[in-house]
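Here's my_file.tsv, which has TSV, C-alpha atoms:
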```
chain	number	residue	atom	x	y	z
A	248	MET	CA	-5.19	-5.60	-15.76
A	249	LYS	CA	-1.53	-4.78	-16.51
A	250	ASN	CA	-2.57	-1.68	-18.49
A	251	ILE	CA	-4.63	-0.29	-15.61
A	252	ILE	CA	-1.86	-0.95	-13.06
A	253	SER	CA	0.66	0.70	-15.39
A	254	LEU	CA	-1.59	3.76	-15.75
A	255	ILE	CA	-1.96	4.10	-11.98
A	256	ILE	CA	1.83	3.85	-11.51
A	257	LEU	CA	2.48	6.36	-14.30
A	258	SER	CA	-0.09	8.76	-12.85
A	259	ALA	CA	1.51	8.60	-9.39
A	260	PHE	CA	4.97	9.02	-10.93
A	261	SER	CA	3.79	12.02	-12.97
A	262	LEU	CA	2.37	13.80	-9.90
A	263	ASN	CA	5.56	13.08	-7.98
A	264	CYS	CA	7.61	14.66	-10.78
A	265	LEU	CA	5.36	17.74	-10.80
A	266	SER	CA	5.77	18.27	-7.07
A	267	ARG	CA	9.58	18.33	-7.36
A	268	THR	CA	9.49	21.82	-8.87
A	269	ALA	CA	6.76	23.16	-6.60
A	270	THR	CA	6.42	24.55	-3.08
A	271	ARG	CA	4.04	22.67	-0.82
A	272	LEU	CA	1.14	24.72	0.50
A	273	GLU	CA	-0.11	24.51	4.07
A	274	GLU	CA	-3.14	25.73	6.01
A	275	ILE	CA	-1.07	28.66	7.31
A	276	SER	CA	0.11	31.00	4.54
A	277	LEU	CA	3.74	31.03	3.48
A	278	LYS	CA	5.63	33.75	5.38
A	279	THR	CA	6.64	35.50	2.16
A	280	PHE	CA	2.96	35.88	1.21
A	281	GLU	CA	1.27	36.14	4.61
A	282	ASN	CA	-0.25	39.55	3.72
A	283	ASN	CA	-1.06	38.63	0.12
A	284	SER	CA	-2.64	35.19	0.19
A	285	SER	CA	-6.06	33.58	0.00
A	286	ASN	CA	-7.60	30.89	2.20
A	287	VAL	CA	-8.96	28.07	0.05
A	288	SER	CA	-11.46	25.61	1.52
A	289	ILE	CA	-12.72	22.35	-0.02
A	290	ALA	CA	-16.04	21.16	1.46
A	291	ILE	CA	-17.48	17.69	0.79
A	292	LYS	CA	-21.20	17.06	1.25
A	293	ASN	CA	-22.63	13.57	1.73
A	294	ARG	CA	-19.14	12.17	2.31
A	295	LYS	CA	-20.59	9.05	4.02
A	296	ASN	CA	-17.60	6.91	5.03
A	297	SER	CA	-15.39	7.91	2.13
A	298	ARG	CA	-11.76	8.89	2.45
A	299	ILE	CA	-11.03	11.98	0.36
A	300	HIS	CA	-7.75	12.58	-1.45
A	301	LEU	CA	-6.93	16.02	-2.79
A	302	GLU	CA	-4.38	17.11	-5.41
A	303	PHE	CA	-3.89	20.80	-6.29
A	304	TYR	CA	-1.18	22.00	-8.70
A	305	VAL	CA	-0.84	25.50	-10.16
A	306	GLN	CA	1.66	27.49	-12.21
A	307	ASP	CA	1.59	31.27	-12.52
A	308	LEU	CA	0.01	32.35	-15.80
A	309	ASP	CA	2.88	34.61	-16.92
A	310	SER	CA	5.54	31.89	-16.78
A	311	PHE	CA	3.25	29.38	-18.48
A	312	GLU	CA	2.51	31.77	-21.35
A	313	LYS	CA	6.24	32.25	-21.92
A	314	ASN	CA	6.68	28.48	-22.35
A	315	ASN	CA	3.31	26.74	-22.72
A	316	THR	CA	4.86	23.50	-23.98
A	317	GLN	CA	5.52	22.33	-20.41
A	318	PHE	CA	3.44	22.60	-17.25
A	319	LEU	CA	5.76	23.39	-14.32
A	320	PRO	CA	3.73	24.06	-11.16
A	321	ILE	CA	5.16	26.39	-8.55
A	322	TYR	CA	2.68	25.47	-5.78
A	323	PHE	CA	0.98	22.21	-4.84
A	324	TYR	CA	-1.13	20.68	-2.11
A	325	SER	CA	-1.70	16.96	-1.60
A	326	ASP	CA	-3.41	15.22	1.28
A	327	SER	CA	-5.89	12.52	2.32
A	328	PHE	CA	-8.51	13.12	4.98
A	329	LYS	CA	-11.69	11.74	6.52
A	330	SER	CA	-13.44	14.99	7.32
A	331	ASP	CA	-15.99	17.17	5.56
A	332	GLN	CA	-13.65	20.08	4.91
A	333	ILE	CA	-10.01	20.87	4.32
A	334	LYS	CA	-8.24	24.24	4.05
A	335	PHE	CA	-4.96	25.59	2.73
A	336	SER	CA	-3.52	28.96	1.79
A	337	VAL	CA	-2.47	30.06	-1.72
A	338	PRO	CA	-0.59	33.26	-2.69
A	339	LYS	CA	-2.80	35.61	-4.69
A	340	GLY	CA	-2.22	35.73	-8.43
A	341	ARG	CA	-3.31	34.32	-11.80
A	342	TYR	CA	-2.70	30.62	-12.37
A	343	VAL	CA	-3.21	27.64	-14.63
A	344	GLY	CA	-3.40	24.15	-13.17
A	345	PHE	CA	-5.80	21.57	-11.80
A	346	LEU	CA	-7.67	20.41	-8.72
A	347	THR	CA	-8.42	16.71	-8.29
A	348	VAL	CA	-10.85	15.35	-5.70
A	349	ARG	CA	-11.00	11.56	-5.21
A	350	SER	CA	-13.27	9.58	-2.91
A	351	LEU	CA	-12.85	5.98	-1.79
A	352	ASP	CA	-15.33	3.96	0.25
A	353	ASN	CA	-14.29	0.35	0.68
A	354	ALA	CA	-15.02	-2.65	2.87
A	355	PHE	CA	-12.73	-5.70	2.83
A	356	PHE	CA	-14.08	-8.38	0.44
A	357	ASN	CA	-17.34	-6.49	0.09
A	358	ARG	CA	-17.17	-3.31	-1.98
A	359	THR	CA	-14.94	-0.60	-3.37
A	360	ILE	CA	-16.78	2.54	-4.45
A	361	SER	CA	-14.62	5.32	-5.86
A	362	GLY	CA	-15.23	8.74	-7.34
A	363	LEU	CA	-13.11	11.28	-9.17
A	364	HIS	CA	-13.61	14.91	-10.14
A	365	ILE	CA	-10.99	16.98	-11.96
A	366	ILE	CA	-11.12	20.74	-12.44
A	367	HIS	CA	-8.72	22.13	-15.04
A	368	PHE	CA	-7.92	25.83	-14.93
A	369	GLY	CA	-6.76	27.33	-18.23
A	370	ILE	CA	-5.35	24.01	-19.47
A	371	ASN	CA	-6.76	20.66	-20.60
A	372	LYS	CA	-5.89	17.16	-19.37
A	373	ASP	CA	-2.80	17.16	-21.63
A	374	PHE	CA	-1.58	20.38	-19.96
A	375	LYS	CA	-2.20	22.36	-23.16
A	376	ILE	CA	-3.56	25.90	-23.04
A	377	ILE	CA	-7.26	26.36	-23.84
A	378	LYS	CA	-9.20	29.23	-25.36
A	379	ASN	CA	-11.23	31.42	-23.05
A	380	ILE	CA	-14.60	29.88	-22.12
A	381	ASN	CA	-17.48	32.33	-22.43
A	382	GLU	CA	-19.29	31.07	-19.34
A	383	GLY	CA	-16.07	30.74	-17.33
A	384	CYS	CA	-16.62	27.08	-16.31
A	385	TYR	CA	-18.61	24.06	-17.43
A	386	GLN	CA	-19.04	20.59	-15.92
A	387	LEU	CA	-19.35	17.35	-17.90
A	388	LYS	CA	-19.94	13.69	-17.14
A	389	ASN	CA	-17.41	11.55	-19.01
A	390	TYR	CA	-16.23	7.98	-19.37
A	391	TYR	CA	-12.44	7.83	-19.06
A	392	HIS	CA	-11.11	4.82	-20.96
A	393	GLU	CA	-7.66	5.24	-19.39
A	394	PHE	CA	-9.00	4.29	-15.96
A	395	ASP	CA	-12.24	2.56	-16.98
A	396	ARG	CA	-14.23	5.01	-14.91
A	397	ILE	CA	-17.24	7.29	-15.14
A	398	LEU	CA	-16.47	10.72	-13.71
A	399	ASN	CA	-17.37	14.38	-13.65
A	400	ASN	CA	-14.80	16.86	-14.82
A	401	THR	CA	-14.89	20.64	-15.04
A	402	GLN	CA	-13.10	22.96	-17.44
A	403	CYS	CA	-12.54	26.55	-16.29
A	404	ASN	CA	-10.66	29.62	-17.42
A	405	ASN	CA	-7.47	30.65	-15.64
A	406	PHE	CA	-7.70	30.58	-11.85
A	407	GLU	CA	-7.54	34.18	-10.65
A	408	ILE	CA	-7.01	34.31	-6.90
A	409	ASN	CA	-7.78	37.84	-5.76
A	410	LYS	CA	-10.14	37.27	-2.82
A	411	ASN	CA	-9.28	36.56	0.80
A	412	GLU	CA	-11.55	33.48	0.84
A	413	ILE	CA	-12.25	30.96	-1.95
A	414	ASN	CA	-14.64	28.07	-1.36
A	415	PHE	CA	-15.12	24.90	-3.39
A	416	GLU	CA	-18.17	22.79	-2.60
A	417	PHE	CA	-18.51	19.19	-3.80
A	418	SER	CA	-21.06	16.49	-3.10
A	419	ILE	CA	-20.85	12.72	-3.49
A	420	SER	CA	-23.79	11.16	-5.31
A	421	GLU	CA	-26.19	8.91	-3.40
A	422	ASN	CA	-26.41	6.53	-6.38
A	423	ASP	CA	-23.46	4.31	-7.29
A	424	GLU	CA	-22.92	2.52	-10.60
A	425	ILE	CA	-21.40	-0.96	-10.63
A	426	ASN	CA	-18.25	-1.08	-12.73
A	427	THR	CA	-18.30	-4.61	-14.17
A	428	MET	CA	-14.83	-4.47	-15.69
A	429	ARG	CA	-13.07	-3.34	-12.51
A	430	THR	CA	-15.05	-5.88	-10.45
A	431	VAL	CA	-13.76	-8.69	-12.68
A	432	LEU	CA	-10.20	-7.34	-12.70
A	433	LEU	CA	-10.07	-7.05	-8.91
A	434	THR	CA	-11.35	-10.57	-8.28
A	435	TRP	CA	-9.60	-12.29	-11.20
A	436	PRO	CA	-6.23	-12.89	-9.41
A	437	SER	CA	-7.96	-14.92	-6.67
A	438	ILE	CA	-10.19	-16.79	-9.09
A	439	SER	CA	-7.36	-17.63	-11.49
A	440	PHE	CA	-5.07	-18.71	-8.64
A	441	ALA	CA	-7.76	-21.02	-7.30
A	442	ALA	CA	-8.45	-22.45	-10.76
A	443	PHE	CA	-4.79	-23.28	-11.41
A	444	GLN	CA	-3.60	-24.15	-7.90
A	445	GLY	CA	-6.75	-25.65	-6.42
A	446	PRO	CA	-8.34	-25.18	-2.97
A	447	GLN	CA	-5.94	-27.68	-1.45
A	448	GLN	CA	-3.07	-25.24	-2.15
A	449	TYR	CA	-5.05	-22.16	-1.27
A	450	PRO	CA	-7.69	-22.87	1.44
A	451	TYR	CA	-9.40	-19.48	1.08
A	452	ALA	CA	-9.81	-19.74	-2.67
A	453	VAL	CA	-13.43	-20.93	-2.55
A	454	PHE	CA	-14.31	-18.14	-0.13
A	455	LEU	CA	-12.76	-15.53	-2.44
A	456	ILE	CA	-14.55	-16.92	-5.49
A	457	LEU	CA	-17.88	-16.74	-3.66
A	458	GLN	CA	-17.10	-13.21	-2.54
A	459	GLY	CA	-16.09	-12.23	-6.05
A	460	THR	CA	-19.25	-13.74	-7.48
A	461	PHE	CA	-21.83	-12.78	-4.87
A	462	GLY	CA	-20.34	-10.18	-2.56
A	463	PHE	CA	-17.50	-8.08	-3.97
A	464	THR	CA	-18.30	-5.14	-6.24
A	465	ALA	CA	-16.30	-2.24	-7.61
A	466	GLY	CA	-18.34	0.81	-8.46
A	467	ASP	CA	-18.21	4.43	-9.53
A	468	THR	CA	-19.83	7.35	-7.79
A	469	LEU	CA	-20.09	10.86	-9.17
A	470	ILE	CA	-18.58	13.85	-7.38
A	471	ASN	CA	-20.47	17.00	-8.29
A	472	PHE	CA	-19.06	20.53	-8.29
A	473	GLU	CA	-21.93	22.15	-6.40
A	474	ASN	CA	-20.98	25.86	-6.44
A	475	ILE	CA	-19.62	26.00	-9.99
A	476	ASP	CA	-21.68	29.16	-10.59
A	477	SER	CA	-19.37	31.01	-8.19
A	478	PHE	CA	-16.51	30.43	-10.63
A	479	LYS	CA	-18.34	31.53	-13.76
A	480	ASN	CA	-17.72	34.94	-15.29
```
Do you think you could lay out the structure here as structure tokens?
Amino acid sequence: MKNIISLIILSAFSLNCLSRTATRLEEISLKTFENNSSNVSIAIKNRKNSRIHLEFYVQDLDSFEKNNTQFLPIYFYSDSFKSDQIKFSVPKGRYVGFLTVRSLDNAFFNRTISGLHIIHFGINKDFKIIKNINEGCYQLKNYYHEFDRILNNTQCNNFEINKNEINFEFSISENDEINTMRTVLLTWPSISFAAFQGPQQYPYAVFLILQGTFGFTAGDTLINFENIDSFKN
């Protein structure tokens, strides 16, 4: 439990550090690049009732090649939304970086279904440069031990933005997979408190135990990169 919490905190801290060196992107293009920018849209199919969180960080290829020991993004976009599409503008150029799409569908004391898809452009998850991929992009289903989660991730070559419009299309799977470990970890604090303190000290303990045993589930859903062929060479 402590390891997972620590990883979540470290991940949030890492993204916060990355954004310190970068300029935040908006739906309207930056004035400096208003005649040389691309409109990027992220569309989510079968969103159901999920909240979507988006993280986009890129560094220009030239500066990264000069010092590829450290990923220092110059542009980023980060936002949460409950709609089927989100848009922002990016200056044209050649970049390395990543796009992360997260989904969360939860109901209090009932379920928490989450999904995660990461696209890496020109770098891997350790921010190290990769060799050119013949097909341009490929998508894999993986189990990430760091977060105890099944997810799809995509590896692509450098992100070359030279069009006026770039569209990413994702879909959330209809089928969810129960994550037994996260279910236990999320209900364990209530169960352990009830076991040591007793219902007389915590009147809702029995209710939480029953919910944890019969009602509460934590699960994974897959987010698929639907138009990956558009990004292949």
**Prompt:** Can you tell me, as a list in words, what residues are no more than 9 Å from Ala290 of chain A when counting only C-alpha atoms, ignoring any on the same chain fewer than 2 positions away?
**Reply:** Ser288, Lys292, Ser330, Asp331, Gln332, Ile333, Lys334, Asn414, Phe415, Glu416, Phe417 and Ser418 of chain A
**Complete:** Students should find that atom CA of Phe406 of chain A and atom CA of Phe368 of chain A are spaced 5.7 Å
**Asked** Which residues, written as a list of chain:residue names, have at least one atom at most 10 Å from Tyr385 of chain A, with all atoms listed in the file counted and residues fewer than 2 positions away on the same chain left out?
**Response** A:Ile366, A:Ile380, A:Asn381, A:Glu382, A:Gly383, A:Leu387, A:Asn400, A:Thr401, A:Gln402, A:Cys403, A:Asn404, A:Phe472, A:Ile475, A:Asp476, A:Phe478, A:Lys479
**Separation of atom CA of Glu302 of chain A from atom CA of Asp373 of chain A, in Å and rounded to one decimal** = 16.3 Å
**Item:** One-decimal distance in Å that lies between atom CA of Leu346 of chain A and atom CA of Phe318 of chain A
**Value:** 14.2 Å
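The nearest approach to Asn471 of chain A among the residues A:His367, A:Lys388, A:Lys313, A:Lys375, with only C-alpha atoms taken into account, belongs to A:Lys388.
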Find the spatial neighbours of Asn399 of chain A, counting all atoms listed in the file, within a cut-off of 8 Å - ignore same-chain residues fewer than 4 positions away - and output them as a short mmCIF file (atom, residue, chain, number, x, y, z; two decimals) with C-alpha atoms, keeping the file's coordinate frame.
```cif
data_model
loop_
_atom_site.label_atom_id
_atom_site.label_comp_id
_atom_site.auth_asym_id
_atom_site.auth_seq_id
_atom_site.Cartn_x
_atom_site.Cartn_y
_atom_site.Cartn_z
CA LEU A 363 -13.11 11.28 -9.17
CA HIS A 364 -13.61 14.91 -10.14
CA ILE A 365 -10.99 16.98 -11.96
CA GLN A 386 -19.04 20.59 -15.92
CA LEU A 387 -19.35 17.35 -17.90
CA LYS A 388 -19.94 13.69 -17.14
CA ASN A 389 -17.41 11.55 -19.01
CA LEU A 469 -20.09 10.86 -9.17
CA ILE A 470 -18.58 13.85 -7.38
CA ASN A 471 -20.47 17.00 -8.29
#
```
**Message:** Just checking: using all atoms listed in the file, which residue out of A:Tyr324, A:Tyr390, A:Tyr304, A:Tyr342 ends up closest to Glu274 of chain A?
**Reply:** A:Tyr324
**Fill in**
If you count only C-alpha atoms, the residue of A:Ile299, A:Val337, A:Ala269, A:Ile419 closest to Asn283 of chain A turns out to be A:Val337
